[in-house]
Amino acid sequence: MSAIPKPQPGILDISAYVPGKSSAPAGVRLHKLSSNESPLGPSPAAMAAYGKQAVNLHLYPDGAASKLRDAIAARYGLNADRIVCGAGSDELLELLARAYLGAGDEAVYTQYGFLVYPIAIKASGATPVVAMEVDNTANVDEIIKVLSPRTRMVFLANPNNPTGTYLPFDEVRRLHAELSPDCLLVLDAAYAEYVKRNDYEAGVELVGTMDNVVMTRTFSKAYALAGLRLGWAYCPAHVADVLNRIRGPFNVSLPAIAAGVAAVEDSAHLERTVQHNETWLPRVAEDIARLGLKVTPSVGNFVLISFDSPATAGAADAFLNSRGLVLRQVAAYGLANALRMSIGTEEANVAAVAALKDFLGQAG
Ligand SMILES: *Cc1c(COP(=O)(O)O)cnc(C)c1O
């Protein structure tokens, strides 16, 4: 028997992340509502800045991404030295797991938490531990229940994808108070720009005052630069130092730095994007609820729609697909009876509600 190269323990336990679909039948206009992308597209200034870098592609980027960190720091009132940029926040989540987790360690995430967490945990050789949710929402008491002396990291998506629910900041603080000082709390605030609640805070205050809290952010969602792969983490100085040691020396590309700076400085475009969501999120949620479907209350740019069975969810998905409406099946999250729908353009939103109505009329 010839031996073959073997990956590290944990790797073969990983179910690879399956991205949202993006195809429609021939001749049907495609509305991709499966990946929480922005219907308004990127800032025109960001697109121009990206294009201008075409003639510079032979040059390595600034490995420290200094201009981008400065622009983020200025926009959000942060210390640039504690910001680390990455190729999407996914890269930062993986780097955090690689740096702080190993065999014998446990890392906690919640029942319907973002699937990148178990991938990152298993890839580091650590053991994923799932905390139950209540009403499709992370629950601090349930997280506390599963903490052990081996817990080295807690991932909390706030708000969470695919549920859209969030924890008020008092609850995040209460969770943090229960963690051992050597357990890192990772607050994934990918949708923070969309959240308009007085009791919500993305994590800046905790990161600023505690040694064991990191906040990750992304340019993929409200900034509409998902294709560029750009994210950032706000960290205690000692964590930033660790991430800077293990990240690729040029992990953020030249055009990504340029576009990111322009995007973060174009607050008017961000405001239009958030306003569009403010207008359509409640309308879509109400219209779908009025059809008799359960819609989980969301503060993100998407809604989780529950059907009476996995079969109905699958049939609804196929029906919507035939009309060019591509939603996201979320069975991999243990939500086989649900579909996730990103808030789209007016045309897409109206078409999706109409298609769901027709589907239910036909099924009933
Ligand atoms: C989309 C998303 C991200 C962002 O991933 P990127 O790698 O930055 O594109 C992170 N966390 C959650 C919960 C998300 O839904």
# chains A, B, ... in the order shown; residues from 1 in each chain; ligands from 1
$ residues_near_ligand --ligand "ligand 1" --cutoff "8 Å" --atoms "only C-alpha atoms and all ligand atoms" --output "number ranges by chain"
A: 35-36, 87-91, 113-114, 116, 157-162, 188-191, 216-221, 226, 229-231
$ residues_around --residues "A:Lys196" --least-positions-apart "2" --cutoff "10 Å" --atoms "only C-alpha atoms" --output "ChimeraX atom specification"
/A:192-194,198-201,274,278,299-300
$ closest_residue --among "A:Leu243, A:Leu281, A:Ala224, A:Leu187" --to "A:Ala263" --atoms "only C-alpha atoms"
A:Ala224
$ closest_residue --among "A:Asp13, A:Glu133, A:Asp81, A:Glu171" --to "A:Ala240" --atoms "only C-alpha atoms"
A:Asp81
$ closest_residue --among "A:Val55, A:Met47, A:Ile343, A:Val84" --to "A:Ala262" --atoms "only C-alpha atoms"
A:Met47
$ closest_residue --among "A:Glu347, A:Glu205, A:Asp105, A:Asp62" --to "A:Cys85" --atoms "only C-alpha atoms"
A:Asp62
$ select_by_dssp --residues "stretch 32-232 of chain A" --states "strand (DSSP E or B)" --output "mmCIF file with N, CA and C atoms, in the first residue's frame"
data_model
loop_
_atom_site.group_PDB
_atom_site.id
_atom_site.type_symbol
_atom_site.label_atom_id
_atom_site.label_comp_id
_atom_site.auth_asym_id
_atom_site.auth_seq_id
_atom_site.Cartn_x
_atom_site.Cartn_y
_atom_site.Cartn_z
ATOM 1 N N LYS A 32 -30.158 37.848 -8.768
ATOM 2 C CA LYS A 32 -29.412 37.055 -7.795
ATOM 3 C C LYS A 32 -29.636 37.609 -6.388
ATOM 4 N N ILE A 83 -5.860 48.204 13.290
ATOM 5 C CA ILE A 83 -6.648 47.657 12.178
ATOM 6 C C ILE A 83 -5.759 46.737 11.349
ATOM 7 N N VAL A 84 -6.281 45.556 11.029
ATOM 8 C CA VAL A 84 -5.588 44.645 10.114
ATOM 9 C C VAL A 84 -6.550 44.352 8.967
ATOM 10 N N CYS A 85 -6.059 44.530 7.732
ATOM 11 C CA CYS A 85 -6.927 44.288 6.572
ATOM 12 C C CYS A 85 -6.697 42.878 6.036
ATOM 13 N N GLY A 86 -7.705 42.371 5.356
ATOM 14 C CA GLY A 86 -7.597 41.012 4.822
ATOM 15 C C GLY A 86 -8.334 40.877 3.512
ATOM 16 N N GLU A 106 -11.316 24.273 22.355
ATOM 17 C CA GLU A 106 -12.696 24.344 21.875
ATOM 18 C C GLU A 106 -12.999 25.777 21.436
ATOM 19 N N ALA A 107 -13.839 25.890 20.412
ATOM 20 C CA ALA A 107 -14.311 27.206 19.978
ATOM 21 C C ALA A 107 -15.817 27.115 19.773
ATOM 22 N N VAL A 108 -16.512 28.130 20.261
ATOM 23 C CA VAL A 108 -17.970 28.113 20.294
ATOM 24 C C VAL A 108 -18.543 28.999 19.187
ATOM 25 N N TYR A 109 -19.600 28.524 18.553
ATOM 26 C CA TYR A 109 -20.420 29.382 17.695
ATOM 27 C C TYR A 109 -21.862 28.960 17.891
ATOM 28 N N THR A 110 -22.803 29.709 17.376
ATOM 29 C CA THR A 110 -24.201 29.427 17.681
ATOM 30 C C THR A 110 -24.851 28.581 16.587
ATOM 31 N N THR A 127 -11.837 21.908 18.313
ATOM 32 C CA THR A 127 -13.146 21.269 18.334
ATOM 33 C C THR A 127 -14.257 22.320 18.333
ATOM 34 N N PRO A 128 -15.153 22.274 17.336
ATOM 35 C CA PRO A 128 -16.270 23.221 17.330
ATOM 36 C C PRO A 128 -17.317 22.813 18.365
ATOM 37 N N VAL A 129 -17.849 23.778 19.078
ATOM 38 C CA VAL A 129 -18.901 23.532 20.069
ATOM 39 C C VAL A 129 -20.063 24.461 19.726
ATOM 40 N N VAL A 130 -21.253 23.871 19.589
ATOM 41 C CA VAL A 130 -22.405 24.648 19.137
ATOM 42 C C VAL A 130 -23.289 25.040 20.326
ATOM 43 N N ALA A 131 -23.611 26.309 20.432
ATOM 44 C CA ALA A 131 -24.553 26.791 21.450
ATOM 45 C C ALA A 131 -25.924 26.941 20.794
ATOM 46 N N GLU A 133 -29.643 28.243 19.814
ATOM 47 C CA GLU A 133 -30.254 29.565 19.697
ATOM 48 C C GLU A 133 -31.685 29.491 20.212
ATOM 49 N N VAL A 134 -32.274 30.647 20.472
ATOM 50 C CA VAL A 134 -33.666 30.725 20.883
ATOM 51 C C VAL A 134 -34.357 31.676 19.901
ATOM 52 N N THR A 137 -32.175 33.192 17.284
ATOM 53 C CA THR A 137 -31.332 34.283 17.775
ATOM 54 C C THR A 137 -30.289 33.724 18.739
ATOM 55 N N ALA A 138 -29.060 34.199 18.612
ATOM 56 C CA ALA A 138 -28.023 33.810 19.567
ATOM 57 C C ALA A 138 -28.518 34.126 20.970
ATOM 58 N N THR A 151 -12.376 26.367 26.306
ATOM 59 C CA THR A 151 -12.892 27.329 25.318
ATOM 60 C C THR A 151 -11.878 28.448 25.103
ATOM 61 N N ARG A 152 -11.367 28.547 23.895
ATOM 62 C CA ARG A 152 -10.352 29.577 23.592
ATOM 63 C C ARG A 152 -10.930 30.686 22.709
ATOM 64 N N MET A 153 -12.109 30.435 22.110
ATOM 65 C CA MET A 153 -12.651 31.441 21.196
ATOM 66 C C MET A 153 -14.162 31.299 21.124
ATOM 67 N N VAL A 154 -14.846 32.454 21.033
ATOM 68 C CA VAL A 154 -16.298 32.454 20.793
ATOM 69 C C VAL A 154 -16.539 33.339 19.578
ATOM 70 N N PHE A 155 -17.168 32.759 18.554
ATOM 71 C CA PHE A 155 -17.536 33.537 17.357
ATOM 72 C C PHE A 155 -18.989 33.962 17.484
ATOM 73 N N LEU A 156 -19.238 35.239 17.333
ATOM 74 C CA LEU A 156 -20.622 35.718 17.341
ATOM 75 C C LEU A 156 -20.835 36.629 16.136
ATOM 76 N N ALA A 157 -21.704 36.191 15.231
ATOM 77 C CA ALA A 157 -22.067 37.071 14.112
ATOM 78 C C ALA A 157 -23.184 37.969 14.620
ATOM 79 N N LEU A 184 -10.830 34.422 23.381
ATOM 80 C CA LEU A 184 -11.041 35.557 22.473
ATOM 81 C C LEU A 184 -12.491 35.600 21.987
ATOM 82 N N LEU A 185 -13.122 36.745 22.141
ATOM 83 C CA LEU A 185 -14.479 36.955 21.616
ATOM 84 C C LEU A 185 -14.362 37.629 20.250
ATOM 85 N N VAL A 186 -14.836 36.941 19.207
ATOM 86 C CA VAL A 186 -14.766 37.487 17.851
ATOM 87 C C VAL A 186 -16.153 37.973 17.454
ATOM 88 N N LEU A 187 -16.299 39.272 17.334
ATOM 89 C CA LEU A 187 -17.583 39.872 16.952
ATOM 90 C C LEU A 187 -17.550 40.134 15.454
ATOM 91 N N ASP A 188 -18.291 39.343 14.706
ATOM 92 C CA ASP A 188 -18.335 39.462 13.249
ATOM 93 C C ASP A 188 -19.495 40.396 12.902
ATOM 94 N N VAL A 213 -11.121 40.928 22.813
ATOM 95 C CA VAL A 213 -12.242 41.096 21.877
ATOM 96 C C VAL A 213 -11.712 41.618 20.543
ATOM 97 N N VAL A 214 -12.181 41.005 19.455
ATOM 98 C CA VAL A 214 -11.845 41.450 18.100
ATOM 99 C C VAL A 214 -13.144 41.670 17.345
ATOM 100 N N MET A 215 -13.200 42.715 16.533
ATOM 101 C CA MET A 215 -14.370 42.940 15.668
ATOM 102 C C MET A 215 -13.915 42.788 14.217
ATOM 103 N N THR A 216 -14.656 42.004 13.431
ATOM 104 C CA THR A 216 -14.339 41.918 12.007
ATOM 105 C C THR A 216 -15.420 42.630 11.198
ATOM 106 N N ARG A 217 -14.990 43.264 10.123
ATOM 107 C CA ARG A 217 -15.896 44.010 9.241
ATOM 108 C C ARG A 217 -15.561 43.662 7.792
ATOM 109 N N THR A 218 -16.474 44.003 6.901
ATOM 110 C CA THR A 218 -16.250 43.647 5.502
ATOM 111 C C THR A 218 -16.649 44.776 4.560
ATOM 112 N N GLY A 231 -11.701 42.976 3.667
ATOM 113 C CA GLY A 231 -12.294 43.070 4.997
ATOM 114 C C GLY A 231 -11.274 43.632 5.961
ATOM 115 N N TRP A 232 -11.702 43.884 7.187
ATOM 116 C CA TRP A 232 -10.748 44.383 8.184
ATOM 117 C C TRP A 232 -11.155 43.930 9.575
#
$ residues_around --residues "A:Asn56" --least-positions-apart "3" --cutoff "9 Å" --atoms "only C-alpha atoms" --output "MDAnalysis selection string"
chainID A and resid 52:53 59:60 254:255
$ residues_around --residues "A:Leu115" --least-positions-apart "3" --cutoff "10 Å" --atoms "only C-alpha atoms" --output "ChimeraX atom specification"
/A:15-18,109-112,118-120,161-162,332-333
$ write_last_selection --atoms "C-alpha atoms" --output "mmCIF file, in the first residue's frame"
data_model
loop_
_atom_site.group_PDB
_atom_site.id
_atom_site.type_symbol
_atom_site.label_atom_id
_atom_site.label_comp_id
_atom_site.auth_asym_id
_atom_site.auth_seq_id
_atom_site.Cartn_x
_atom_site.Cartn_y
_atom_site.Cartn_z
ATOM 1 C CA SER A 15 -17.839 20.428 4.637
ATOM 2 C CA ALA A 16 -16.694 22.933 2.028
ATOM 3 C CA TYR A 17 -18.617 26.207 1.982
ATOM 4 C CA VAL A 18 -21.163 26.253 -0.845
ATOM 5 C CA TYR A 109 -20.420 29.382 17.695
ATOM 6 C CA THR A 110 -24.201 29.427 17.681
ATOM 7 C CA GLN A 111 -26.658 26.965 16.173
ATOM 8 C CA TYR A 112 -27.391 28.923 13.005
ATOM 9 C CA PRO A 118 -16.809 25.692 11.897
ATOM 10 C CA ILE A 119 -14.608 25.584 8.803
ATOM 11 C CA ALA A 120 -12.009 27.837 10.423
ATOM 12 C CA ASN A 161 -26.322 35.388 8.669
ATOM 13 C CA PRO A 162 -28.572 33.581 7.636
ATOM 14 C CA ALA A 332 -26.467 23.373 5.493
ATOM 15 C CA TYR A 333 -27.331 25.597 8.467
#
$ atom_distance --atom1 "atom CA of A:Leu325" --atom2 "atom CA of A:Ala354"
10.9 Å
$ residues_around --residues "A:Ser298" --least-positions-apart "6" --cutoff "9 Å" --atoms "only C-alpha atoms" --output "PyMOL selection string"
chain A and resi 159+163-166+281-282+285+304
$ closest_residue --among "A:Gly292, A:Pro310, A:Pro7, A:Gly361" --to "A:Val330" --atoms "only C-alpha atoms"
A:Pro310
$ atom_distance --atom1 "atom CA of A:Pro297" --atom2 "atom CA of A:Leu167"
12.3 Å
$ select_by_dssp --residues "stretch 32-93 of chain A" --states "alpha helix (DSSP H)" --output "PyMOL selection string"
chain A and resi 44-52+66-76+88-93
$ atom_distance --atom1 "atom CA of A:Gly334" --atom2 "atom CA of A:Asp308"
14.5 Å
$ closest_residue --among "A:Val239, A:Leu291, A:Ile144, A:Leu360" --to "A:Ala97" --atoms "only C-alpha atoms"
A:Val239
$ residues_around --residues "A:Ser43" --least-positions-apart "5" --cutoff "10 Å" --atoms "only C-alpha atoms" --output "PDB file with C-alpha atoms, in the first residue's frame"
ATOM      1  CA  ALA A  48     -12.951  54.660 -10.787  1.00  0.00           C
ATOM      2  CA  ALA A  49     -10.171  54.166  -8.220  1.00  0.00           C
ATOM      3  CA  TYR A 223     -19.900  48.702   0.513  1.00  0.00           C
ATOM      4  CA  ALA A 224     -20.750  46.322  -2.332  1.00  0.00           C
ATOM      5  CA  LEU A 225     -17.201  45.176  -3.081  1.00  0.00           C
ATOM      6  CA  ALA A 259     -11.103  50.983  -4.181  1.00  0.00           C
ATOM      7  CA  GLY A 260     -11.481  50.470  -0.442  1.00  0.00           C
ATOM      8  CA  ALA A 262     -12.567  55.527  -2.176  1.00  0.00           C
ATOM      9  CA  ALA A 263     -15.494  53.429  -0.926  1.00  0.00           C
ATOM     10  CA  VAL A 264     -14.992  54.285   2.710  1.00  0.00           C
ATOM     11  CA  GLU A 265     -14.721  57.981   1.841  1.00  0.00           C
ATOM     12  CA  ASP A 266     -17.945  57.937  -0.214  1.00  0.00           C
ATOM     13  CA  SER A 267     -20.361  58.151   2.690  1.00  0.00           C
ATOM     14  CA  ALA A 268     -23.147  59.444   0.412  1.00  0.00           C
ATOM     15  CA  HIS A 269     -23.164  56.200  -1.560  1.00  0.00           C
ATOM     16  CA  LEU A 270     -23.172  54.130   1.616  1.00  0.00           C
ATOM     17  CA  THR A 273     -27.393  51.869   0.007  1.00  0.00           C
TER      18      THR A 273
END
$ residues_around --residues "A:Ser180" --least-positions-apart "2" --cutoff "9 Å" --atoms "only C-alpha atoms" --output "PDB file with N, CA and C atoms, in the first residue's frame"
ATOM      1  N   PRO A 149     -13.313  25.018  30.399  1.00  0.00           N
ATOM      2  CA  PRO A 149     -11.936  25.522  30.582  1.00  0.00           C
ATOM      3  C   PRO A 149     -11.125  25.461  29.290  1.00  0.00           C
ATOM      4  N   THR A 151     -12.376  26.367  26.306  1.00  0.00           N
ATOM      5  CA  THR A 151     -12.892  27.329  25.318  1.00  0.00           C
ATOM      6  C   THR A 151     -11.878  28.448  25.103  1.00  0.00           C
ATOM      7  N   ARG A 152     -11.367  28.547  23.895  1.00  0.00           N
ATOM      8  CA  ARG A 152     -10.352  29.577  23.592  1.00  0.00           C
ATOM      9  C   ARG A 152     -10.930  30.686  22.709  1.00  0.00           C
ATOM     10  N   HIS A 176     -19.360  38.771  27.295  1.00  0.00           N
ATOM     11  CA  HIS A 176     -17.929  38.997  27.473  1.00  0.00           C
ATOM     12  C   HIS A 176     -17.514  38.849  28.933  1.00  0.00           C
ATOM     13  N   ALA A 177     -18.359  39.315  29.825  1.00  0.00           N
ATOM     14  CA  ALA A 177     -18.032  39.273  31.262  1.00  0.00           C
ATOM     15  C   ALA A 177     -17.901  37.836  31.774  1.00  0.00           C
ATOM     16  N   GLU A 178     -18.512  36.901  31.062  1.00  0.00           N
ATOM     17  CA  GLU A 178     -18.454  35.492  31.492  1.00  0.00           C
ATOM     18  C   GLU A 178     -17.247  34.755  30.921  1.00  0.00           C
ATOM     19  N   ASP A 182      -8.403  34.637  28.755  1.00  0.00           N
ATOM     20  CA  ASP A 182      -7.613  34.075  27.656  1.00  0.00           C
ATOM     21  C   ASP A 182      -8.499  33.467  26.563  1.00  0.00           C
ATOM     22  N   CYS A 183      -9.796  33.780  26.607  1.00  0.00           N
ATOM     23  CA  CYS A 183     -10.710  33.348  25.547  1.00  0.00           C
ATOM     24  C   CYS A 183     -11.042  34.565  24.688  1.00  0.00           C
ATOM     25  N   LEU A 184     -10.830  34.422  23.381  1.00  0.00           N
ATOM     26  CA  LEU A 184     -11.041  35.557  22.473  1.00  0.00           C
ATOM     27  C   LEU A 184     -12.491  35.600  21.987  1.00  0.00           C
ATOM     28  N   ASN A 212      -9.358  40.963  24.986  1.00  0.00           N
ATOM     29  CA  ASN A 212      -9.732  39.675  24.374  1.00  0.00           C
ATOM     30  C   ASN A 212     -10.975  39.788  23.491  1.00  0.00           C
TER      31      ASN A 212
END
